[in-house]
Amino acid sequence: KKAKEELEKRMFQVNNIIILETADKTAEDIKGKEGQKKFEKELETKINEIMQEGKVEKVYITQFILQ
């Protein structure tokens, strides 16, 4: 519960992490199932670096547009 509350307060940081990590990726980096799973894991690791109460157990990609 504390981790959920902390994550909600840190959403601006989470959004920043997503933007920065996405900026470094090419279409090939996140293409396909393995690329997406790797990206999810990278985001999970980066988000957990800022968490102080608990941790994120899984990141899910809910929307994906490849250009």
# chains A, B, ... in the order shown; residues from 1 in each chain; ligands from 1
call {"tool": "residues_around", "arguments": {"residues": "Gly54 (chain A)", "least_positions_apart": "5", "cutoff": "9 Å", "atoms": "only C-alpha atoms", "output": "VMD selection string"}}
result
chain A and resid 1 to 4 6 48
call {"tool": "write_last_selection", "arguments": {"atoms": "N, CA and C atoms", "output": "JSON list (two decimals), in the first residue's frame"}}
result
[["chain", "number", "residue", "atom", "x", "y", "z"],
["A", 1, "LYS", "N", 0.82, -1.19, 0.00],
["A", 1, "LYS", "CA", 0.00, 0.00, 0.00],
["A", 1, "LYS", "C", 0.87, 1.26, 0.00],
["A", 2, "LYS", "N", 1.93, 1.25, 0.82],
["A", 2, "LYS", "CA", 2.82, 2.41, 0.86],
["A", 2, "LYS", "C", 3.53, 2.61, -0.47],
["A", 3, "ALA", "N", 3.90, 1.50, -1.10],
["A", 3, "ALA", "CA", 4.58, 1.59, -2.40],
["A", 3, "ALA", "C", 3.64, 2.19, -3.44],
["A", 4, "LYS", "N", 2.37, 1.81, -3.40],
["A", 4, "LYS", "CA", 1.39, 2.34, -4.35],
["A", 4, "LYS", "C", 1.24, 3.85, -4.17],
["A", 6, "GLU", "N", 3.44, 5.89, -2.85],
["A", 6, "GLU", "CA", 4.68, 6.54, -3.27],
["A", 6, "GLU", "C", 4.74, 6.63, -4.79],
["A", 48, "ASN", "N", 12.43, 1.36, -10.03],
["A", 48, "ASN", "CA", 12.78, 0.89, -8.70],
["A", 48, "ASN", "C", 13.96, 1.64, -8.11]]
call {"tool": "residues_around", "arguments": {"residues": "region 57-61 of chain A", "least_positions_apart": "2", "cutoff": "10 Å", "atoms": "only C-alpha atoms", "output": "list in words"}}
result
Gln36, Lys37, Phe39, Glu40, Lys41, Glu42, Leu43, Glu44, Thr45, Ile47, Asn48, Gly54, Lys55, Gln63 and Phe64 of chain A
call {"tool": "atom_distance", "arguments": {"atom1": "CA of Gly32 (chain A)", "atom2": "CA of Leu66 (chain A)"}}
result
10.6 Å
call {"tool": "closest_residue", "arguments": {"among": "A:Met51, A:Lys38, A:Lys33, A:Ile65", "to": "Met11 (chain A)", "atoms": "only C-alpha atoms"}}
result
A:Met51
